[in-house]
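**Student:** Supplied in structure tokens, the structure appears directly below.
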Amino acid sequence: MNGLTGKVSSVEEMIRLIQATPELMSQVTCWHTIPPREARYEPFPSGLDPRIRGALQQKGIDRLYKHQAEAFTAVQAGGHVVAVTPTASGKTLCYNLPVLQQLLTDERSRALYLFPTKALAQDQVAELHGLSERMGADLKTHTYDGDTPPTVRQAIRNAGHIVVTNPDMLHSAILPHHTKWVKLFENLRFIVIDEVHTYRGVFGSHVANVIRRLRRICRFYGSSPQFICASATIDNPAEHTCRLIGAPVRLIDNNGAPSGEKHFVFYNPPVVNRQLGIRKSSVLESTKIATFLLKRGIQTIVFARSRVRVEILLTYLQDLVKHELGSKSIRGYRGGYLPKQRREIESGLRSGEIRGVVSTNALELGIDIGQLQACVLNGYPGTIASVWQQSGRAGRRQESSLTFLVASSNPLDQYIIQNPGYFFERSPERALIEPDNLIILVDHVKCAAYELPFEEGEQFGEGKLDDLLEFLVEERILHQAGGRWYWMEQSFPAHDISLRSAAQENFVIVDTTNGSRVLGEVDRFSAPTLIHEEAIYIHEGVQFQVEKLDYEEKKAYVREVSVDYFTDASLAVQLQVLQVHQEQTGGGLERQYGEVAIRAKPTIFKKIRLRTHENVGYGQIHLPEEELHTNGYWFTIPEHWVNGRSHDEIQSALLGLSNILVHIAPLYLMCDPQDVRVVPQVRAVHNKRPTIYLYDRYPGGVGLSERLFELHDDLMSQAHRLFTGCGCMAGCPACVGPVEEVGMTGKTLAGELLGRMGGAR
């Protein structure tokens, strides 16, 4: 690794160099090459406006990819459409062509574009402006978001042919003020929703309700717009889009776009203690690989799972390449950075001035960041779909690309890295939403009532509204008169409802080192573990210590420091069953699904030394307990296994099995591993027997634990496969957890328990 660091001329040369480097190749468990794919074209559709045809030809496009032509024809035939193809396959034209065709035919027509992030929206506006200029057409396309100046807003409402926004602005600034948008709603022909796969879980459930409100307002103004949607590859794109928009869709998934050769490298860090199954840190190994690429001139993106890990990787990389490339050539990118910083980083990547970027999944989406050549994934990002999206950020110009997936020691990473067939042969996960989650539904019924009174017999989603409207009347939020329900409160409901999280308030981080400036923000559920007092908060590679957390005012005050450690907090969780909805028994095992109440309290934080990752101290966290009502699935351990065993033995077995399940469960769900929590109880409150609970980490639940209840047998089989595939002696981070946590007999006991529960079949 310390050999020549001269620049290489191509990714192919880089691949040959890696394959000739034993220190790297000795840790490669799989090198998978996906051959290049030829483009499949169709001629321009005969009905395509000559001005659009001319504008495309000026860009060097003289025909369409197969899926683009198919999408155009399907939209022209009426009905709703979802186009599903890989990253960088030209999905944008699937919706831009039919929209532009309609606007050129009838200049009174309007279109509304929804993107999950502002960066994507700005990319799209630039693309549309370019096409309009080349067509010589006066089509007014505008972004409408929080950064739009008030002076421009009125012009957009009155004259914008295409309004480009995000679900948050639609929810809080457009729908509640629909009387100012009459021209848009009366003439709305198309609603475009890009990156449909991102609308899942709580966010997707909220957005589905925003779409219900949008369609309700369109009906009021006499319009019935067509939906044109686009998504990355997921297991259930048509079903998911149908639930999101509340109407059937036609699926377009016959991808005609070309792609360069893709090299996928699974890399497992070396074992440093075989008995304990401890491997070298994935952060340090990802740093080593990224440095190897960057020093040889390969523009590289590094993805990490968390904000903290992004900042640690960024610190290490900037330090290692500062002499060759300069520390400013490597930047971080994540939520919490201010918009101006993010735009500057995107621009630097496109120009090539920035040679490397370390990002959370914020750059997973289709923002144009130019011609990256390599991608390093620090840890499995939680879903097969995310791996393909992140990998797709490299090689976007039909050239060869290289992706390293560097495994951490957690069981999910180890399962994926040692079973590459599971990854390459399995379809991506299902996207799940629950628009009728009662907490989310009540919020949006309030918003809808503010926008327009509800009529008797009116539906909002799948269920009838009578009971819900009656409840809101009793709460003196609505007033019923003459078969209608009217909003009667003074307040403005959308203002208090966040689409992005179950909690409504974010915590603002204020840097007090020199004066006072806002650094960024974190959501309410993350605040107790990320910005408790004495926590080390890292931003753009700079360390800050939290001096004070004002929990009431939702502000954390930080000061710049220079220390050689970062912090990691622990939560104590109590769980209570409220109601059982479904149950099954078999082989002495009872499993149930229903409503649960969770009480979580942050307890202590550890100080972990940079680079060596050893524990160098701890401190207490003094914050209030948070309560959560949600859905969960749980199973009770068979009596015949429990009999004759001590409390400590049962606890070791439950803890070992729980450590496997918390990492295996996301294999079946399109969710972040943090979205599902696992709690073992030696003596459960509701039945006085050993029980393991898995629950949705959102108020009211969004369908995750219900799906796991249905997949119980598959879950146990995969857990057993991971368990038996691990070569450690008595437990390690890659299976049941380290010996210090589960005890010397923890692995044996968890294995016996799994076998008795049917996991061995």
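We label chains A, B, ... in the order they appear in the structure tokens, count residues from 1 in each chain, and number ligands from 1 in the order shown.
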Enumerate the residues of range 561-639 of chain A with a DSSP assignment of strand (DSSP E), computed from the backbone, and present them as a PyMOL selection string.
**Tutor:** chain A and resi 565-586+589-609+615-620+626-636
**Student:** Using only C-alpha atoms, which protein or nucleic acid residues come within 7 Å of range 450-452 of chain A? Drop anything in the same chain fewer than 2 positions from it, and give the result as a list in words.
**Tutor:** Leu175, Pro176, Lys446, Cys447, Ala448, Phe454 and Trp487 of chain A
**Student:** Between A:His539, A:Lys548, A:His240, A:His177, single out the one closest to His622 in chain A, counting only C-alpha atoms.
**Tutor:**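 Among the listed residues, A:Lys548 lies closest to His622 in chain A.
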**Student:** Record the distance separating CA of Leu549 in chain A and CA of Gln620 in chain A, expressed in Å with one decimal.
**Tutor:**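 Computing it gives 14.0 Å between the two atoms.
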**Student:** If you count only C-alpha atoms, which residues fall within 6 Å of range 598-610 of chain A, apart from same-chain ones fewer than 5 positions away, as a ChimeraX atom specification?
**Tutor:** /A:564-575,615-621,625-628
**Student:** Need the shell around Ala750 in chain A: protein/DNA/RNA residues with any atom at most 9 Å away, counting only C-alpha atoms. Skip same-chain ones fewer than 4 positions apart. Format as a list in words?
**Tutor:**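 With the cut-off at 9 Å, the set is Ile650, Ser652, Ala653, Leu654, Leu655, Gly656, Leu657, Phe723, Val736, Thr745, Gly746, Leu754 and Gly755 of chain A.
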**Student:** For the residues in the current selection, export N, CA and C atoms as a PDB file, in the first residue's frame.
**Tutor:**
```pdb
ATOM      1  N   ILE A 650     -31.112 -17.523  30.505  1.00  0.00           N
ATOM      2  CA  ILE A 650     -32.217 -17.065  29.640  1.00  0.00           C
ATOM      3  C   ILE A 650     -31.899 -15.683  29.087  1.00  0.00           C
ATOM      4  N   SER A 652     -28.925 -14.293  28.570  1.00  0.00           N
ATOM      5  CA  SER A 652     -27.863 -14.391  27.548  1.00  0.00           C
ATOM      6  C   SER A 652     -28.428 -14.849  26.208  1.00  0.00           C
ATOM      7  N   ALA A 653     -29.315 -15.871  26.257  1.00  0.00           N
ATOM      8  CA  ALA A 653     -29.905 -16.401  25.019  1.00  0.00           C
ATOM      9  C   ALA A 653     -30.770 -15.347  24.332  1.00  0.00           C
ATOM     10  N   LEU A 654     -31.633 -14.668  25.112  1.00  0.00           N
ATOM     11  CA  LEU A 654     -32.512 -13.639  24.535  1.00  0.00           C
ATOM     12  C   LEU A 654     -31.701 -12.498  23.948  1.00  0.00           C
ATOM     13  N   LEU A 655     -30.678 -12.078  24.666  1.00  0.00           N
ATOM     14  CA  LEU A 655     -29.852 -10.960  24.194  1.00  0.00           C
ATOM     15  C   LEU A 655     -29.120 -11.345  22.913  1.00  0.00           C
ATOM     16  N   GLY A 656     -28.594 -12.579  22.873  1.00  0.00           N
ATOM     17  CA  GLY A 656     -27.890 -13.042  21.675  1.00  0.00           C
ATOM     18  C   GLY A 656     -28.802 -13.087  20.466  1.00  0.00           C
ATOM     19  N   LEU A 657     -30.012 -13.656  20.645  1.00  0.00           N
ATOM     20  CA  LEU A 657     -30.963 -13.737  19.534  1.00  0.00           C
ATOM     21  C   LEU A 657     -31.432 -12.338  19.113  1.00  0.00           C
ATOM     22  N   PHE A 723     -26.108 -17.234  12.130  1.00  0.00           N
ATOM     23  CA  PHE A 723     -25.506 -17.788  13.348  1.00  0.00           C
ATOM     24  C   PHE A 723     -24.512 -18.905  13.011  1.00  0.00           C
ATOM     25  N   VAL A 736     -24.082 -12.993  17.659  1.00  0.00           N
ATOM     26  CA  VAL A 736     -24.936 -12.765  18.832  1.00  0.00           C
ATOM     27  C   VAL A 736     -24.500 -11.563  19.667  1.00  0.00           C
ATOM     28  N   THR A 745     -21.299 -18.346  27.520  1.00  0.00           N
ATOM     29  CA  THR A 745     -22.194 -19.377  26.964  1.00  0.00           C
ATOM     30  C   THR A 745     -23.300 -18.766  26.089  1.00  0.00           C
ATOM     31  N   GLY A 746     -23.253 -17.459  25.866  1.00  0.00           N
ATOM     32  CA  GLY A 746     -24.320 -16.757  25.131  1.00  0.00           C
ATOM     33  C   GLY A 746     -24.551 -17.315  23.739  1.00  0.00           C
ATOM     34  N   LEU A 754     -32.568 -20.968  19.019  1.00  0.00           N
ATOM     35  CA  LEU A 754     -32.944 -20.868  17.607  1.00  0.00           C
ATOM     36  C   LEU A 754     -33.350 -22.227  17.048  1.00  0.00           C
ATOM     37  N   GLY A 755     -32.590 -23.255  17.404  1.00  0.00           N
ATOM     38  CA  GLY A 755     -32.895 -24.601  16.930  1.00  0.00           C
ATOM     39  C   GLY A 755     -34.262 -25.063  17.404  1.00  0.00           C
TER      40      GLY A 755
END
```
**Student:** Identify all residues of range 91-328 of chain A in helix (DSSP H, G or I) (DSSP on the backbone) and supply them as an MDAnalysis selection string.
**Tutor:** chainID A and resid 92:105 118:135 150:159 167:186 196:198 201:220 237:245 282:294 307:325 327:328
**Student:** What's the 7 Å shell around Glu534 in chain A, counting only C-alpha atoms, without same-chain residues fewer than 2 positions away, as a ChimeraX atom specification?
**Tutor:** /A:532,536,545-547
**Student:** Take the residues that were just selected and, keeping N, CA and C atoms, output them as an mmCIF file, in the first residue's frame.
**Tutor:**
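Result went into out_20.cif, see below:
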```cif
data_model
loop_
_atom_site.group_PDB
_atom_site.id
_atom_site.type_symbol
_atom_site.label_atom_id
_atom_site.label_comp_id
_atom_site.auth_asym_id
_atom_site.auth_seq_id
_atom_site.Cartn_x
_atom_site.Cartn_y
_atom_site.Cartn_z
ATOM 1 N N HIS A 532 -26.735 15.684 23.566
ATOM 2 C CA HIS A 532 -26.831 15.830 25.026
ATOM 3 C C HIS A 532 -25.625 16.646 25.515
ATOM 4 N N ILE A 536 -19.824 15.238 21.824
ATOM 5 C CA ILE A 536 -18.965 15.831 20.786
ATOM 6 C C ILE A 536 -19.759 15.782 19.477
ATOM 7 N N GLN A 545 -18.141 20.777 21.252
ATOM 8 C CA GLN A 545 -18.697 20.144 22.454
ATOM 9 C C GLN A 545 -19.995 20.851 22.822
ATOM 10 N N VAL A 546 -21.007 20.046 23.180
ATOM 11 C CA VAL A 546 -22.286 20.638 23.585
ATOM 12 C C VAL A 546 -22.134 21.167 25.011
ATOM 13 N N GLU A 547 -22.233 22.496 25.150
ATOM 14 C CA GLU A 547 -22.100 23.140 26.462
ATOM 15 C C GLU A 547 -23.432 23.120 27.207
#
```
**Student:** So which residues touch Leu48 in chain A within 10 Å, counting only C-alpha atoms, skipping near sequence neighbours fewer than 4 positions away, as a PyMOL selection string?
**Tutor:** chain A and resi 44+52-53+72-73+97-98+100-101
**Student:** Using only C-alpha atoms, find the one residue out of A:Ala385, A:Ile538, A:Arg274, A:Ala374 that sits nearest to Arg426 in chain A.
**Tutor:** A:Ala385
**Student:** With range 304-315 of chain A as the partner and 12 Å as the cut-off, tabulate the residues of range 431-543 of chain A that qualify, each row holding the nearest pair of atoms and their distance in Å to one decimal, using only C-alpha atoms, sorted by chain and rising number, as CSV.
**Tutor:**
```
residue,atom,partner,partner_atom,distance
A:Gly520,CA,A:Arg307,CA,11.6
A:Glu521,CA,A:Arg307,CA,11.4
A:Val522,CA,A:Arg307,CA,10.0
A:Ser526,CA,A:Arg307,CA,11.0
A:Thr529,CA,A:Val308,CA,11.3
A:Leu530,CA,A:Val308,CA,8.7
A:Ile531,CA,A:Val308,CA,11.3
A:Ala535,CA,A:Val308,CA,11.2
A:Ile536,CA,A:Val308,CA,9.3
A:Tyr537,CA,A:Val308,CA,7.5
A:Ile538,CA,A:Glu311,CA,5.8
A:His539,CA,A:Glu311,CA,6.4
A:Glu540,CA,A:Glu311,CA,6.2
A:Gly541,CA,A:Thr315,CA,4.9
A:Val542,CA,A:Thr315,CA,7.9
A:Gln543,CA,A:Glu311,CA,8.9
```
**Student:** Compare A:Gly204, A:Gly256, A:Gly727, A:Pro269 by their minimum atom-to-atom distance to Glu23 in chain A, counting only C-alpha atoms, and give me the closest one.
**Tutor:** A:Pro269
**Student:** Of the candidates A:Val164, A:Val376, A:Val152, A:Val561, which one gets nearest to Phe404 in chain A if we count only C-alpha atoms?
**Tutor:**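 Under the stated criterion, the closest residue is A:Val376.
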**Student:** When you count only C-alpha atoms, which of these residues is closest to Ala74 in chain A: A:Asn378, A:Ser400, A:Gln226, A:Thr92?
**Tutor:** A:Gln226
**Student:** Which residues of range 75-151 of chain A have any atom within 9 Å of an atom in range 249-255 of chain A when counting only C-alpha atoms, and what is the closest pair of atoms for each, with the distance in Å to one decimal? Order the rows by chain and rising number and write it as CSV.
**Tutor:**
```
residue,atom,partner,partner_atom,distance
A:Gly79,CA,A:Val249,CA,7.0
A:His80,CA,A:Val249,CA,4.8
A:Val81,CA,A:Arg250,CA,4.7
A:Val82,CA,A:Leu251,CA,5.2
A:Ala83,CA,A:Ile252,CA,4.6
A:Val84,CA,A:Asp253,CA,4.9
A:Thr85,CA,A:Asn255,CA,5.7
A:Pro86,CA,A:Asn255,CA,7.9
A:Ser89,CA,A:Asn255,CA,7.7
```
